[in-house]
$ cat query08.cif   # mmCIF, C-alpha atoms
data_entry
loop_
_atom_site.group_PDB
_atom_site.id
_atom_site.type_symbol
_atom_site.label_atom_id
_atom_site.label_comp_id
_atom_site.auth_asym_id
_atom_site.auth_seq_id
_atom_site.Cartn_x
_atom_site.Cartn_y
_atom_site.Cartn_z
ATOM 1 C CA MET A 1 119.315 -58.742 -1.481
ATOM 2 C CA ASN A 2 118.996 -58.908 2.310
ATOM 3 C CA HIS A 3 121.095 -61.875 3.408
ATOM 4 C CA PRO A 4 120.398 -63.586 6.733
ATOM 5 C CA ILE A 5 122.247 -63.239 9.976
ATOM 6 C CA VAL A 6 124.090 -66.540 10.400
ATOM 7 C CA ILE A 7 124.908 -68.004 13.806
ATOM 8 C CA VAL A 8 127.377 -70.890 13.877
ATOM 9 C CA GLY A 9 126.672 -73.126 16.861
ATOM 10 C CA SER A 10 123.585 -74.448 18.623
ATOM 11 C CA GLY A 11 124.568 -74.418 22.263
ATOM 12 C CA LEU A 12 123.120 -72.228 24.990
ATOM 13 C CA ALA A 13 124.976 -69.100 23.820
ATOM 14 C CA ALA A 14 123.760 -69.481 20.230
ATOM 15 C CA TYR A 15 120.143 -70.124 21.118
ATOM 16 C CA MET A 16 120.016 -67.404 23.787
ATOM 17 C CA LEU A 17 121.441 -64.921 21.298
ATOM 18 C CA ALA A 18 118.816 -65.925 18.727
ATOM 19 C CA LYS A 19 116.019 -65.608 21.309
ATOM 20 C CA GLU A 20 117.180 -62.156 22.418
ATOM 21 C CA PHE A 21 117.588 -61.047 18.805
ATOM 22 C CA ARG A 22 114.028 -62.115 17.999
ATOM 23 C CA LYS A 23 112.725 -59.899 20.818
ATOM 24 C CA HIS A 24 114.037 -56.899 18.874
ATOM 25 C CA ASP A 25 113.650 -58.010 15.282
ATOM 26 C CA LYS A 26 110.942 -60.379 14.018
ATOM 27 C CA GLU A 27 111.625 -59.854 10.319
ATOM 28 C CA GLN A 28 115.352 -60.330 9.652
ATOM 29 C CA SER A 29 116.045 -63.810 8.293
ATOM 30 C CA LEU A 30 118.130 -65.955 10.611
ATOM 31 C CA VAL A 31 120.148 -69.105 9.872
ATOM 32 C CA ILE A 32 121.721 -71.312 12.554
ATOM 33 C CA VAL A 33 124.420 -73.752 11.458
ATOM 34 C CA THR A 34 125.422 -76.661 13.689
ATOM 35 C CA GLN A 35 127.490 -79.843 13.462
ATOM 36 C CA SER A 36 125.074 -81.536 15.866
ATOM 37 C CA SER A 37 121.397 -82.479 15.601
ATOM 38 C CA GLY A 38 120.591 -78.999 16.954
ATOM 39 C CA GLY A 39 118.497 -80.076 19.925
ATOM 40 C CA TYR A 40 118.246 -77.574 22.784
ATOM 41 C CA TYR A 41 119.521 -78.916 26.102
ATOM 42 C CA SER A 42 121.220 -77.695 29.265
ATOM 43 C CA LYS A 43 124.895 -78.696 29.257
ATOM 44 C CA PRO A 44 125.183 -78.939 33.092
ATOM 45 C CA MET A 45 122.653 -81.794 32.944
ATOM 46 C CA LEU A 46 125.268 -83.999 31.240
ATOM 47 C CA SER A 47 127.036 -84.582 34.566
ATOM 48 C CA THR A 48 123.879 -85.499 36.512
ATOM 49 C CA ALA A 49 121.918 -87.530 33.935
ATOM 50 C CA LEU A 50 123.108 -91.022 34.919
ATOM 51 C CA THR A 51 121.585 -90.728 38.388
ATOM 52 C CA LYS A 52 118.263 -89.781 36.796
ATOM 53 C CA GLN A 53 118.610 -92.653 34.301
ATOM 54 C CA GLN A 54 118.325 -90.205 31.419
ATOM 55 C CA THR A 55 119.420 -90.996 27.897
ATOM 56 C CA ALA A 56 120.777 -88.336 25.552
ATOM 57 C CA ALA A 57 117.315 -88.122 23.958
ATOM 58 C CA ASP A 58 115.749 -87.500 27.395
ATOM 59 C CA LEU A 59 117.962 -84.430 27.868
ATOM 60 C CA ILE A 60 116.689 -82.685 24.724
ATOM 61 C CA MET A 61 114.194 -80.058 25.845
ATOM 62 C CA GLN A 62 113.334 -78.935 22.315
ATOM 63 C CA SER A 63 114.198 -80.418 18.925
ATOM 64 C CA ALA A 64 115.869 -78.417 16.167
ATOM 65 C CA ASP A 65 112.519 -78.285 14.330
ATOM 66 C CA SER A 66 110.821 -76.879 17.423
ATOM 67 C CA MET A 67 113.587 -74.297 17.901
ATOM 68 C CA ALA A 68 113.378 -73.322 14.220
ATOM 69 C CA LYS A 69 109.650 -72.588 14.591
ATOM 70 C CA GLN A 70 110.105 -70.711 17.856
ATOM 71 C CA LEU A 71 112.931 -68.575 16.464
ATOM 72 C CA GLN A 72 111.522 -68.226 12.943
ATOM 73 C CA ALA A 73 114.901 -69.468 11.762
ATOM 74 C CA THR A 74 116.407 -71.984 9.394
ATOM 75 C CA ILE A 75 118.528 -74.485 11.306
ATOM 76 C CA LEU A 76 121.067 -76.427 9.261
ATOM 77 C CA THR A 77 121.988 -79.537 11.258
ATOM 78 C CA HIS A 78 124.969 -81.871 10.802
ATOM 79 C CA ALA A 79 126.613 -79.086 8.791
ATOM 80 C CA GLU A 80 130.302 -78.238 9.109
ATOM 81 C CA VAL A 81 131.694 -74.825 8.228
ATOM 82 C CA THR A 82 134.769 -75.508 6.126
ATOM 83 C CA LYS A 83 135.620 -71.922 5.171
ATOM 84 C CA ILE A 84 134.676 -68.309 5.962
ATOM 85 C CA ASN A 85 134.945 -65.830 3.097
ATOM 86 C CA ARG A 86 134.942 -62.434 4.777
ATOM 87 C CA GLU A 87 135.148 -60.400 1.584
ATOM 88 C CA GLN A 88 132.278 -62.229 -0.125
ATOM 89 C CA LYS A 89 130.419 -62.570 3.217
ATOM 90 C CA THR A 90 129.788 -66.265 2.760
ATOM 91 C CA ILE A 91 130.550 -69.451 4.628
ATOM 92 C CA GLU A 92 131.198 -72.770 2.930
ATOM 93 C CA LEU A 93 129.403 -75.858 4.193
ATOM 94 C CA GLY A 94 131.156 -78.556 2.228
ATOM 95 C CA ASP A 95 130.018 -77.983 -1.344
ATOM 96 C CA ARG A 96 127.301 -75.503 -0.346
ATOM 97 C CA GLU A 97 127.752 -71.752 0.098
ATOM 98 C CA GLN A 98 125.713 -69.742 2.597
ATOM 99 C CA PRO A 99 125.710 -65.929 2.322
ATOM 100 C CA TYR A 100 125.364 -63.768 5.426
ATOM 101 C CA SER A 101 124.834 -60.127 6.339
ATOM 102 C CA LYS A 102 126.380 -60.654 9.786
ATOM 103 C CA LEU A 103 128.155 -63.739 11.107
ATOM 104 C CA VAL A 104 128.248 -64.820 14.749
ATOM 105 C CA LEU A 105 130.541 -67.615 15.937
ATOM 106 C CA ALA A 106 128.922 -69.105 19.050
ATOM 107 C CA LEU A 107 130.978 -72.276 19.131
ATOM 108 C CA GLY A 108 131.119 -72.918 22.858
ATOM 109 C CA ALA A 109 134.011 -74.352 24.814
ATOM 110 C CA LYS A 110 136.332 -77.028 23.496
ATOM 111 C CA PRO A 111 137.987 -79.448 25.911
ATOM 112 C CA ILE A 112 141.742 -79.446 26.262
ATOM 113 C CA HIS A 113 143.009 -82.574 24.520
ATOM 114 C CA ILE A 114 145.954 -83.995 26.432
ATOM 115 C CA PRO A 115 147.906 -86.513 24.343
ATOM 116 C CA PHE A 116 147.891 -89.938 25.989
ATOM 117 C CA ALA A 117 149.863 -93.053 25.136
ATOM 118 C CA GLY A 118 149.621 -96.602 26.407
ATOM 119 C CA ASP A 119 147.437 -99.669 26.010
ATOM 120 C CA ALA A 120 144.309 -97.940 27.379
ATOM 121 C CA ALA A 121 144.597 -94.617 25.513
ATOM 122 C CA ASP A 122 141.732 -95.644 23.226
ATOM 123 C CA GLN A 123 139.464 -96.005 26.265
ATOM 124 C CA LEU A 124 139.649 -92.309 27.164
ATOM 125 C CA MET A 125 136.222 -90.629 27.041
ATOM 126 C CA ARG A 126 135.521 -86.895 26.884
ATOM 127 C CA VAL A 127 132.022 -85.621 27.647
ATOM 128 C CA ASN A 128 131.596 -82.090 26.318
ATOM 129 C CA ASN A 129 128.259 -82.277 24.499
ATOM 130 C CA ILE A 130 125.163 -84.424 24.162
ATOM 131 C CA ASP A 131 126.654 -86.619 21.436
ATOM 132 C CA ASP A 132 129.627 -87.334 23.721
ATOM 133 C CA TYR A 133 127.193 -88.208 26.526
ATOM 134 C CA ALA A 134 125.365 -90.724 24.299
ATOM 135 C CA LEU A 135 128.684 -92.467 23.513
ATOM 136 C CA PHE A 136 129.756 -92.300 27.164
ATOM 137 C CA ARG A 137 126.501 -93.869 28.375
ATOM 138 C CA ASP A 138 126.891 -96.805 25.984
ATOM 139 C CA TRP A 139 130.596 -97.129 26.835
ATOM 140 C CA LEU A 140 129.758 -97.498 30.554
ATOM 141 C CA ASN A 141 127.688 -100.673 30.047
ATOM 142 C CA ASP A 142 130.432 -103.140 30.977
ATOM 143 C CA LYS A 143 132.567 -100.831 33.140
ATOM 144 C CA LYS A 144 132.735 -101.050 36.932
ATOM 145 C CA HIS A 145 135.788 -98.938 37.884
ATOM 146 C CA ILE A 146 136.192 -95.492 36.306
ATOM 147 C CA ALA A 147 139.123 -93.079 36.581
ATOM 148 C CA ILE A 148 138.227 -89.390 36.287
ATOM 149 C CA LEU A 149 140.941 -86.933 35.289
ATOM 150 C CA GLY A 150 140.357 -83.659 37.110
ATOM 151 C CA THR A 151 138.868 -82.746 40.477
ATOM 152 C CA GLY A 152 137.163 -79.491 39.560
ATOM 153 C CA LEU A 153 133.420 -78.912 39.672
ATOM 154 C CA VAL A 154 132.553 -80.987 36.581
ATOM 155 C CA GLY A 155 134.879 -83.831 37.575
ATOM 156 C CA CYS A 156 133.260 -83.992 41.020
ATOM 157 C CA GLU A 157 129.768 -83.853 39.505
ATOM 158 C CA PHE A 158 130.628 -86.817 37.275
ATOM 159 C CA MET A 159 132.117 -88.599 40.303
ATOM 160 C CA ASN A 160 128.855 -88.175 42.205
ATOM 161 C CA ASP A 161 126.784 -89.268 39.209
ATOM 162 C CA LEU A 162 128.886 -92.404 38.723
ATOM 163 C CA LEU A 163 128.857 -93.263 42.434
ATOM 164 C CA ASN A 164 125.064 -93.080 42.324
ATOM 165 C CA THR A 165 125.108 -95.693 39.546
ATOM 166 C CA GLN A 166 127.272 -98.093 41.594
ATOM 167 C CA HIS A 167 130.606 -97.448 39.853
ATOM 168 C CA GLN A 168 133.910 -97.433 41.692
ATOM 169 C CA ILE A 169 135.771 -94.165 41.154
ATOM 170 C CA THR A 170 139.406 -93.072 41.232
ATOM 171 C CA MET A 171 140.045 -89.385 40.674
ATOM 172 C CA ILE A 172 143.415 -88.242 39.287
ATOM 173 C CA ALA A 173 144.629 -84.645 39.498
ATOM 174 C CA PRO A 174 147.662 -82.521 40.338
ATOM 175 C CA ASP A 175 145.616 -80.550 42.882
ATOM 176 C CA ALA A 176 146.198 -81.224 46.566
ATOM 177 C CA THR A 177 142.451 -81.555 47.230
ATOM 178 C CA PRO A 178 139.246 -81.747 45.174
ATOM 179 C CA LEU A 179 137.448 -78.486 44.340
ATOM 180 C CA MET A 180 140.605 -76.627 45.319
ATOM 181 C CA GLN A 181 139.464 -73.367 43.692
ATOM 182 C CA PHE A 182 136.086 -73.449 45.438
ATOM 183 C CA LEU A 183 136.603 -74.946 48.896
ATOM 184 C CA PRO A 184 138.982 -74.463 51.818
ATOM 185 C CA GLU A 185 141.554 -77.233 52.072
ATOM 186 C CA SER A 186 139.891 -78.836 55.120
ATOM 187 C CA LEU A 187 136.624 -79.363 53.223
ATOM 188 C CA GLY A 188 138.503 -80.590 50.154
ATOM 189 C CA GLN A 189 140.266 -83.169 52.329
ATOM 190 C CA ALA A 190 136.889 -84.512 53.445
ATOM 191 C CA PHE A 191 136.154 -85.350 49.803
ATOM 192 C CA GLN A 192 139.611 -86.651 49.051
ATOM 193 C CA SER A 193 139.642 -90.119 50.532
ATOM 194 C CA PRO A 194 139.219 -92.652 49.006
ATOM 195 C CA PHE A 195 138.844 -91.197 45.508
ATOM 196 C CA LEU A 196 141.877 -89.021 44.761
ATOM 197 C CA VAL A 197 145.203 -90.357 43.462
#
$ encode --input "query08.cif" --output "C-alpha cells"
Amino acid sequence: MNHPIVIVGSGLAAYMLAKEFRKHDKEQSLVIVTQSSGGYYSKPMLSTALTKQQTAADLIMQSADSMAKQLQATILTHAEVTKINREQKTIELGDREQPYSKLVLALGAKPIHIPFAGDAADQLMRVNNIDDYALFRDWLNDKKHIAILGTGLVGCEFMNDLLNTQHQITMIAPDATPLMQFLPESLGQAFQSPFLV
C-alpha cells in the first residue's frame, strides 16, 4: 500500500513545501497535520494588523478547505502529534494512527519562554501565530499602556502598530539601542527616546 507523505505543520514552510511538491507530483497522496485551524496567512502581518484594524479572521488568505483543494491534500486540523513511530512509519494523533511513506516536520519557530514571576506574570502575552494574535487583540481592549520585551525588528513593528492604535509604549531590552543588529547606533538612538527602558 502506498502511504501518503505527511507534513506536520501548516505555516508558510509547510504550505510552500506542499505547493512545490505538487508541481512535481500530482498523484502521491499528501496529508498535512496541524494543531491550528490550518488557515493560510502571512506571519509578518501579525505585527501590522492592528493599524489596519484587521481581526485574525481578516488575515486568513485561504481556509484549510481551500488549501486542501488547491494542494489535493487531506488537512487534519486541531490535531496534535503525540508520538512518532519511526519503525512502523506512523504518527499518533491522540487515539488515531496515521501511516506515512515520508514524514516532514515543518513546525516553524517557537518563542523563547522566559520564566516570569510577580503579580503581573499572568498578563504576559506572546504573539507567535494567528491564534495568539486573536487572544492578543481581545486582551488589548481595556489596555492603554503596553510594555514590549525586546527591541528587535518584530518588537519595533509591534511598537509601531500599537502606537498607531493610540497605546502608550515602553520597550524593555538589554540592548543599548533599538534595532541594534540592523542600524548604526546613531539611528537607533533616534528611536530610543521615549520608549526604551
$ closest_atom_pairs --input "query08.cif" --of "range 112-185 of chain A" --to "range 49-53 of chain A" --cutoff "9 Å" --atoms "only C-alpha atoms" --output "Markdown table"
| residue | atom | partner | partner_atom | distance |
| --- | --- | --- | --- | --- |
| A:Arg137 | CA | A:Leu50 | CA | 7.9 |
| A:Phe158 | CA | A:Leu50 | CA | 8.9 |
| A:Asn160 | CA | A:Thr51 | CA | 8.6 |
| A:Asp161 | CA | A:Thr51 | CA | 5.5 |
| A:Leu162 | CA | A:Leu50 | CA | 7.1 |
| A:Leu163 | CA | A:Thr51 | CA | 8.7 |
| A:Asn164 | CA | A:Thr51 | CA | 5.8 |
| A:Thr165 | CA | A:Thr51 | CA | 6.2 |
$ closest_residue --input "query08.cif" --among "A:Val154, A:Gly38, A:Leu149, A:Lys43" --to "Ser66 in chain A" --atoms "only C-alpha atoms"
A:Gly38
$ atom_distance --input "query08.cif" --atom1 "CA of Asp132 in chain A" --atom2 "CA of Met67 in chain A"
21.5 Å
$ residues_around --input "query08.cif" --residues "Tyr40 in chain A" --least-positions-apart "4" --cutoff "7 Å" --atoms "all atoms listed in the file" --output "PyMOL selection string"
chain A and resi 60-63
$ atom_distance --input "query08.cif" --atom1 "CA of Lys83 in chain A" --atom2 "CA of Asn2 in chain A"
21.3 Å
$ residues_around --input "query08.cif" --residues "range 109-117 of chain A" --least-positions-apart "4" --cutoff "9 Å" --atoms "all atoms listed in the file" --output "tab-separated table (two decimals) with C-alpha atoms, in the coordinates of the input"
chain	number	residue	atom	x	y	z
A	121	ALA	CA	144.60	-94.62	25.51
A	122	ASP	CA	141.73	-95.64	23.23
A	124	LEU	CA	139.65	-92.31	27.16
A	126	ARG	CA	135.52	-86.90	26.88
A	127	VAL	CA	132.02	-85.62	27.65
A	128	ASN	CA	131.60	-82.09	26.32
$ resolve_selection --input "query08.cif" --expression "the PyMOL selection byres ((chain A and resi 6-15) around 7)" --output "MDAnalysis selection string"
chainID A and resid 4:5 16:19 30:34 38 100 102:108
$ closest_residue --input "query08.cif" --among "A:Ser29, A:Asn141, A:Thr82, A:Thr90" --to "Gln166 in chain A" --atoms "only C-alpha atoms"
A:Asn141
